[in-house]
Structures are given as structure tokens and as C-alpha cells.
$ cat query_27.txt   # compact mmCIF, C-alpha atoms
# COMPACT_ATOMS: atom_id res chain seq x y z
CA MET A 1 -148.64 -47.64 -52.27
CA SER A 2 -151.29 -47.43 -49.56
CA GLU A 3 -153.59 -50.33 -48.72
CA ARG A 4 -156.44 -48.52 -50.51
CA GLU A 5 -154.29 -47.96 -53.62
CA ASP A 6 -153.27 -51.65 -53.63
CA PHE A 7 -156.93 -52.66 -53.37
CA LEU A 8 -157.94 -50.33 -56.23
CA ALA A 9 -155.12 -51.75 -58.36
CA TRP A 10 -156.64 -55.22 -57.83
CA VAL A 11 -160.12 -53.86 -58.71
CA ARG A 12 -158.75 -52.31 -61.92
CA THR A 13 -156.90 -55.46 -63.00
CA SER A 14 -158.07 -58.82 -61.64
CA LEU A 15 -161.68 -57.83 -60.97
CA TYR A 16 -161.92 -55.91 -64.25
CA GLU A 17 -160.55 -58.87 -66.24
CA ALA A 18 -163.00 -61.27 -64.55
CA GLU A 19 -165.95 -59.04 -65.45
CA VAL A 20 -164.85 -58.74 -69.08
CA ALA A 21 -164.47 -62.54 -69.25
CA LEU A 22 -167.98 -63.03 -67.82
CA HIS A 23 -169.40 -60.65 -70.44
CA ASN A 24 -167.63 -62.75 -73.07
CA GLY A 25 -169.27 -65.95 -71.78
CA ASP A 26 -166.59 -67.23 -69.37
CA ALA A 27 -167.62 -67.40 -65.69
CA ALA A 28 -164.43 -69.08 -64.42
CA PRO A 29 -162.43 -65.90 -63.68
CA ARG A 30 -165.35 -64.32 -61.79
CA ARG A 31 -166.02 -67.53 -59.88
CA ALA A 32 -162.33 -67.67 -58.87
CA LEU A 33 -162.50 -64.18 -57.30
CA TRP A 34 -165.49 -64.91 -55.08
CA SER A 35 -165.18 -65.93 -51.46
CA ARG A 36 -165.15 -69.60 -50.52
CA THR A 37 -166.43 -68.67 -47.05
CA GLU A 38 -170.14 -68.26 -46.34
CA PRO A 39 -172.02 -66.03 -46.42
CA VAL A 40 -171.79 -65.03 -50.07
CA THR A 41 -174.70 -63.18 -51.66
CA VAL A 42 -175.80 -61.48 -54.85
CA LEU A 43 -178.77 -59.18 -55.15
CA GLY A 44 -178.47 -58.79 -58.87
CA ALA A 45 -180.04 -56.62 -61.52
CA TRP A 46 -181.39 -59.76 -63.21
CA ARG A 47 -180.94 -62.62 -60.74
CA SER A 48 -179.99 -63.11 -57.11
CA ALA A 49 -178.19 -65.86 -55.17
CA VAL A 50 -177.45 -66.86 -51.58
CA GLY A 51 -174.64 -69.36 -50.90
CA ARG A 52 -171.96 -70.95 -53.07
CA ASP A 53 -174.28 -73.40 -54.86
CA GLU A 54 -176.71 -70.68 -55.97
CA LEU A 55 -173.76 -68.43 -56.80
CA ASP A 56 -172.24 -71.05 -59.11
CA ASP A 57 -175.61 -71.52 -60.85
CA LEU A 58 -175.98 -67.75 -61.22
CA PHE A 59 -172.53 -67.27 -62.72
CA THR A 60 -173.01 -70.19 -65.12
CA GLY A 61 -176.37 -68.80 -66.23
CA LEU A 62 -174.98 -65.30 -66.75
CA ALA A 63 -172.04 -66.61 -68.78
CA GLU A 64 -174.47 -68.50 -71.03
CA THR A 65 -176.39 -65.24 -71.56
CA PHE A 66 -173.45 -62.93 -72.36
CA SER A 67 -171.13 -62.80 -75.38
CA ASP A 68 -169.20 -60.38 -77.56
CA CYS A 69 -168.26 -57.80 -74.94
CA THR A 70 -167.08 -54.72 -76.83
CA SER A 71 -166.76 -52.42 -73.83
CA TYR A 72 -166.71 -52.67 -70.04
CA ALA A 73 -165.76 -49.94 -67.59
CA PHE A 74 -166.15 -49.79 -63.82
CA GLU A 75 -166.45 -46.18 -62.69
CA VAL A 76 -165.57 -46.26 -58.99
CA LEU A 77 -167.53 -43.58 -57.14
CA ALA A 78 -166.41 -44.56 -53.62
CA CYS A 79 -164.36 -47.23 -51.94
CA ASP A 80 -162.58 -47.94 -48.70
CA VAL A 81 -160.49 -50.59 -47.01
CA SER A 82 -160.63 -51.37 -43.30
CA GLY A 83 -158.43 -54.27 -42.26
CA ASP A 84 -159.58 -57.38 -44.11
CA MET A 85 -162.81 -55.80 -45.39
CA ALA A 86 -163.37 -53.41 -48.30
CA TYR A 87 -166.17 -52.08 -50.45
CA THR A 88 -166.73 -50.40 -53.79
CA VAL A 89 -169.64 -48.34 -55.05
CA GLY A 90 -169.73 -47.49 -58.71
CA LEU A 91 -171.23 -47.60 -62.14
CA GLU A 92 -170.58 -50.47 -64.54
CA HIS A 93 -170.87 -49.38 -68.17
CA THR A 94 -171.19 -52.40 -70.46
CA SER A 95 -171.69 -53.10 -74.16
CA ALA A 96 -172.16 -56.81 -74.90
CA SER A 97 -174.58 -59.24 -76.45
CA VAL A 98 -177.30 -60.48 -74.12
CA ASP A 99 -179.05 -63.55 -75.49
CA GLY A 100 -177.60 -62.69 -78.90
CA GLN A 101 -178.86 -59.09 -78.92
CA ALA A 102 -176.37 -56.22 -78.74
CA ARG A 103 -177.03 -54.10 -75.63
CA THR A 104 -175.45 -51.17 -73.89
CA TYR A 105 -176.40 -50.54 -70.28
CA THR A 106 -175.20 -49.16 -66.97
CA LEU A 107 -175.56 -50.87 -63.59
CA ARG A 108 -175.17 -49.28 -60.18
CA ALA A 109 -173.07 -51.77 -58.24
CA THR A 110 -172.04 -52.06 -54.62
CA GLN A 111 -169.67 -54.85 -53.67
CA VAL A 112 -168.23 -56.00 -50.35
CA TYR A 113 -164.87 -57.78 -50.24
CA ARG A 114 -162.92 -59.68 -47.63
CA ARG A 115 -159.29 -60.64 -47.60
CA GLU A 116 -158.85 -64.42 -47.39
CA ASP A 117 -155.38 -65.93 -47.16
CA GLY A 118 -153.91 -62.61 -48.31
CA ALA A 119 -156.10 -62.26 -51.42
CA TRP A 120 -159.19 -60.12 -51.98
CA ARG A 121 -162.43 -62.04 -52.57
CA VAL A 122 -165.92 -60.75 -53.32
CA ALA A 123 -168.44 -61.62 -50.60
CA HIS A 124 -171.50 -59.61 -51.66
CA ARG A 125 -172.80 -57.80 -54.72
CA HIS A 126 -175.84 -55.63 -55.17
CA ALA A 127 -176.58 -54.17 -58.58
CA ASP A 128 -179.48 -52.58 -60.36
CA THR A 129 -180.07 -50.97 -63.71
CA VAL A 130 -179.66 -47.24 -64.03
CA THR A 131 -182.64 -45.73 -65.78
CA THR A 132 -182.68 -42.27 -67.31
$ encode --input "query_27.txt" --output "C-alpha cells"
Amino acid sequence: MSEREDFLAWVRTSLYEAEVALHNGDAAPRRALWSRTEPVTVLGAWRSAVGRDELDDLFTGLAETFSDCTSYAFEVLACDVSGDMAYTVGLEHTSASVDGQARTYTLRATQVYRREDGAWRVAHRHADTVTT
């Protein structure tokens, strides 16, 4: 497998599982995949964060908002790996409860990753809602 294929395998397993867990109300798997090295940033569809403290608050708040994920798919439109840095650009298709109300929505998401101690970690996320 190439470095890019290895990275995409991680995106389709570990990252995917962390996102499903978050949409079921559990932020721990997502938190575990994020970088421990500053800077870390989120420019989110609903909330943003700069730094680990704000990131932890953001993930906790999102987990309290989400439940009952019935579907999550990350449609990768583009990605690349260069040394210890990588990125993904794609569409996240989600069906879950948000504040107790069933919702289905799609986010455009760009994420930047860095390899730390041999493992991929998310360093930045930018997402916004796709409108028709």
C-alpha cells in the first residue's frame, strides 16, 4: 500500500469511527484523534475553537448536542499526503438527532492532519453547511 492509501485507510476506519461516536454523543474517540501540539483549530459549521482548551469545550458541547446517529458517510473528494502532513476535502453526509430533533444534513469539510509519533492526528478542521 502507498502512503496515501494507508492514510485513506485510517480516514475510513479510525476517523470514521470517531465521527460516528461523536454523532452518538461520545466525544472521547474524536478527542483522541486530535493533535496534542498547538496550533489546533476548528472553523466549524456551528462553533469554532482555537487551542486545546477551546477544542475540548467544543467537542464536549457537540457530543451533548448529538445522539442517535443513523447514518454517517465521508465522501472524500480530494486528499494528499506529503511527509508528515496530509489533508482531506470532502462531504460529510449525516443523519442524527440534534438537540433531540432528527436531522439529515451535509457539511463541506476540509481537514489538515499531521503525523505525531507515527500516528495521524487532526490539526485543523473547517466545515460549513451545504445548501441547495
$ closest_residue --input "query_27.txt" --among "A:Cys69, A:Ala9, A:Leu43, A:Leu55" --to "A:Gln111" --atoms "only C-alpha atoms"
A:Leu43
$ residues_around --input "query_27.txt" --residues "A:Tyr113" --least-positions-apart "2" --cutoff "6 Å" --atoms "all atoms listed in the file" --output "list in words"
Met85, Ala86, Tyr87, Arg121, Val122 and Ala123 of chain A
$ atom_distance --input "query_27.txt" --atom1 "atom CA of A:Asn24" --atom2 "atom CA of A:Phe66"
5.9 Å
$ closest_residue --input "query_27.txt" --among "A:Asp117, A:Glu75, A:Asp128, A:Asp68" --to "A:Gly25" --atoms "all atoms listed in the file"
A:Asp68
$ atom_distance --input "query_27.txt" --atom1 "atom CA of A:Ala32" --atom2 "atom CA of A:Ala96"
21.7 Å
$ atom_distance --input "query_27.txt" --atom1 "atom CA of A:Gly51" --atom2 "atom CA of A:Tyr105"
27.1 Å
$ residues_around --input "query_27.txt" --residues "A:Pro29" --least-positions-apart "3" --cutoff "8 Å" --atoms "only C-alpha atoms" --output "compact mmCIF listing (two decimals) with C-alpha atoms, in the coordinates of the input"
# COMPACT_ATOMS: atom_id res chain seq x y z
CA GLU A 17 -160.55 -58.87 -66.24
CA ALA A 18 -163.00 -61.27 -64.55
CA GLU A 19 -165.95 -59.04 -65.45
CA ALA A 21 -164.47 -62.54 -69.25
CA LEU A 22 -167.98 -63.03 -67.82
CA ASP A 26 -166.59 -67.23 -69.37
CA ALA A 32 -162.33 -67.67 -58.87
CA LEU A 33 -162.50 -64.18 -57.30
$ closest_residue --input "query_27.txt" --among "A:Glu5, A:Glu92, A:Glu116, A:Asp99" --to "A:Thr129" --atoms "all atoms listed in the file"
A:Glu92
$ closest_residue --input "query_27.txt" --among "A:Glu38, A:Arg115, A:Leu15, A:Thr131" --to "A:Asp84" --atoms "only C-alpha atoms"
A:Arg115
$ closest_residue --input "query_27.txt" --among "A:Ala127, A:Ala73, A:Ala63, A:Cys79" --to "A:Gly44" --atoms "only C-alpha atoms"
A:Ala127
$ closest_residue --input "query_27.txt" --among "A:Leu91, A:Arg4, A:Val81, A:Ser67" --to "A:Arg103" --atoms "all atoms listed in the file"
A:Ser67
$ residues_around --input "query_27.txt" --residues "A:Val130" --least-positions-apart "5" --cutoff "8 Å" --atoms "all atoms listed in the file" --output "compact mmCIF listing (two decimals) with C-alpha atoms, in the coordinates of the input"
# COMPACT_ATOMS: atom_id res chain seq x y z
CA TYR A 105 -176.40 -50.54 -70.28
CA THR A 106 -175.20 -49.16 -66.97
CA LEU A 107 -175.56 -50.87 -63.59
CA ARG A 108 -175.17 -49.28 -60.18
$ axis_aligned_box --input "query_27.txt" --around "stretch 69-82 of chain A" --padding-each-side "4 Å" --output "AutoDock Vina command-line options"
--center_x -164.4 --center_y -50.7 --center_z -60.1 --size_x 15.8 --size_y 22.2 --size_z 41.5
$ decode --input "query_27.txt" --residues "stretch 9-45 of chain A" --atoms "N, CA and C atoms" --output "tab-separated table (two decimals), in the first residue's frame"
chain	number	residue	atom	x	y	z
A	9	ALA	N	-6.96	4.63	4.46
A	9	ALA	CA	-7.46	3.52	5.28
A	9	ALA	C	-7.72	4.01	6.70
A	10	TRP	N	-6.84	4.85	7.24
A	10	TRP	CA	-7.03	5.42	8.57
A	10	TRP	C	-8.26	6.33	8.59
A	11	VAL	N	-8.42	7.15	7.54
A	11	VAL	CA	-9.59	8.04	7.43
A	11	VAL	C	-10.87	7.21	7.44
A	12	ARG	N	-10.87	6.10	6.71
A	12	ARG	CA	-12.09	5.30	6.56
A	12	ARG	C	-12.37	4.39	7.75
A	13	THR	N	-11.42	4.27	8.67
A	13	THR	CA	-11.65	3.43	9.86
A	13	THR	C	-11.64	4.28	11.12
A	14	SER	N	-10.47	4.64	11.60
A	14	SER	CA	-10.36	5.36	12.87
A	14	SER	C	-11.10	6.69	12.87
A	15	LEU	N	-10.88	7.50	11.83
A	15	LEU	CA	-11.54	8.81	11.78
A	15	LEU	C	-13.05	8.64	11.62
A	16	TYR	N	-13.46	7.73	10.76
A	16	TYR	CA	-14.88	7.44	10.56
A	16	TYR	C	-15.54	7.02	11.89
A	17	GLU	N	-14.92	6.09	12.59
A	17	GLU	CA	-15.48	5.60	13.86
A	17	GLU	C	-15.59	6.71	14.89
A	18	ALA	N	-14.61	7.61	14.93
A	18	ALA	CA	-14.64	8.73	15.87
A	18	ALA	C	-15.79	9.68	15.55
A	19	GLU	N	-16.05	9.91	14.28
A	19	GLU	CA	-17.15	10.79	13.89
A	19	GLU	C	-18.50	10.18	14.20
A	20	VAL	N	-18.65	8.89	13.96
A	20	VAL	CA	-19.90	8.21	14.32
A	20	VAL	C	-20.11	8.29	15.83
A	21	ALA	N	-19.08	8.05	16.61
A	21	ALA	CA	-19.19	8.13	18.07
A	21	ALA	C	-19.62	9.52	18.50
A	22	LEU	N	-19.02	10.56	17.93
A	22	LEU	CA	-19.40	11.93	18.28
A	22	LEU	C	-20.88	12.16	17.99
A	23	HIS	N	-21.35	11.67	16.86
A	23	HIS	CA	-22.76	11.87	16.48
A	23	HIS	C	-23.70	10.98	17.29
A	24	ASN	N	-23.13	10.10	18.09
A	24	ASN	CA	-23.90	9.32	19.05
A	24	ASN	C	-23.70	9.84	20.48
A	25	GLY	N	-23.06	11.00	20.63
A	25	GLY	CA	-22.92	11.62	21.94
A	25	GLY	C	-21.64	11.32	22.69
A	26	ASP	N	-20.63	10.72	22.04
A	26	ASP	CA	-19.38	10.37	22.70
A	26	ASP	C	-18.21	11.10	22.03
A	27	ALA	N	-17.66	12.11	22.69
A	27	ALA	CA	-16.57	12.91	22.13
A	27	ALA	C	-15.20	12.28	22.32
A	28	ALA	N	-15.07	11.27	23.17
A	28	ALA	CA	-13.74	10.73	23.51
A	28	ALA	C	-12.97	10.23	22.29
A	29	PRO	N	-13.57	9.45	21.39
A	29	PRO	CA	-12.79	8.99	20.24
A	29	PRO	C	-12.31	10.14	19.33
A	30	ARG	N	-13.14	11.16	19.13
A	30	ARG	CA	-12.70	12.30	18.32
A	30	ARG	C	-11.58	13.03	19.03
A	31	ARG	N	-11.76	13.29	20.30
A	31	ARG	CA	-10.73	14.00	21.09
A	31	ARG	C	-9.39	13.26	21.00
A	32	ALA	N	-9.42	11.94	21.03
A	32	ALA	CA	-8.20	11.14	21.00
A	32	ALA	C	-7.45	11.26	19.67
A	33	LEU	N	-8.16	11.58	18.59
A	33	LEU	CA	-7.52	11.67	17.27
A	33	LEU	C	-6.99	13.06	16.95
A	34	TRP	N	-7.23	14.02	17.82
A	34	TRP	CA	-6.76	15.37	17.55
A	34	TRP	C	-5.37	15.60	18.12
A	35	SER	N	-4.64	16.46	17.46
A	35	SER	CA	-3.26	16.76	17.82
A	35	SER	C	-3.15	17.29	19.24
A	36	ARG	N	-2.06	16.92	19.89
A	36	ARG	CA	-1.75	17.45	21.22
A	36	ARG	C	-0.79	18.63	21.10
A	37	THR	N	-0.40	18.96	19.88
A	37	THR	CA	0.56	20.02	19.62
A	37	THR	C	-0.16	21.23	19.04
A	38	GLU	N	0.06	22.39	19.64
A	38	GLU	CA	-0.52	23.62	19.10
A	38	GLU	C	0.21	24.00	17.81
A	39	PRO	N	-0.45	24.63	16.88
A	39	PRO	CA	-1.83	25.08	16.93
A	39	PRO	C	-2.80	23.98	16.51
A	40	VAL	N	-3.98	24.01	17.11
A	40	VAL	CA	-5.12	23.21	16.68
A	40	VAL	C	-6.30	24.18	16.55
A	41	THR	N	-7.06	24.02	15.48
A	41	THR	CA	-8.13	24.97	15.21
A	41	THR	C	-9.33	24.29	14.57
A	42	VAL	N	-10.50	24.84	14.85
A	42	VAL	CA	-11.74	24.43	14.19
A	42	VAL	C	-12.47	25.69	13.77
A	43	LEU	N	-12.80	25.76	12.50
A	43	LEU	CA	-13.73	26.77	12.00
A	43	LEU	C	-14.95	25.98	11.58
A	44	GLY	N	-15.86	25.81	12.54
A	44	GLY	CA	-16.94	24.86	12.37
A	44	GLY	C	-18.19	25.45	11.76
A	45	ALA	N	-19.06	24.54	11.34
A	45	ALA	CA	-20.35	24.93	10.78
A	45	ALA	C	-21.22	25.58	11.85
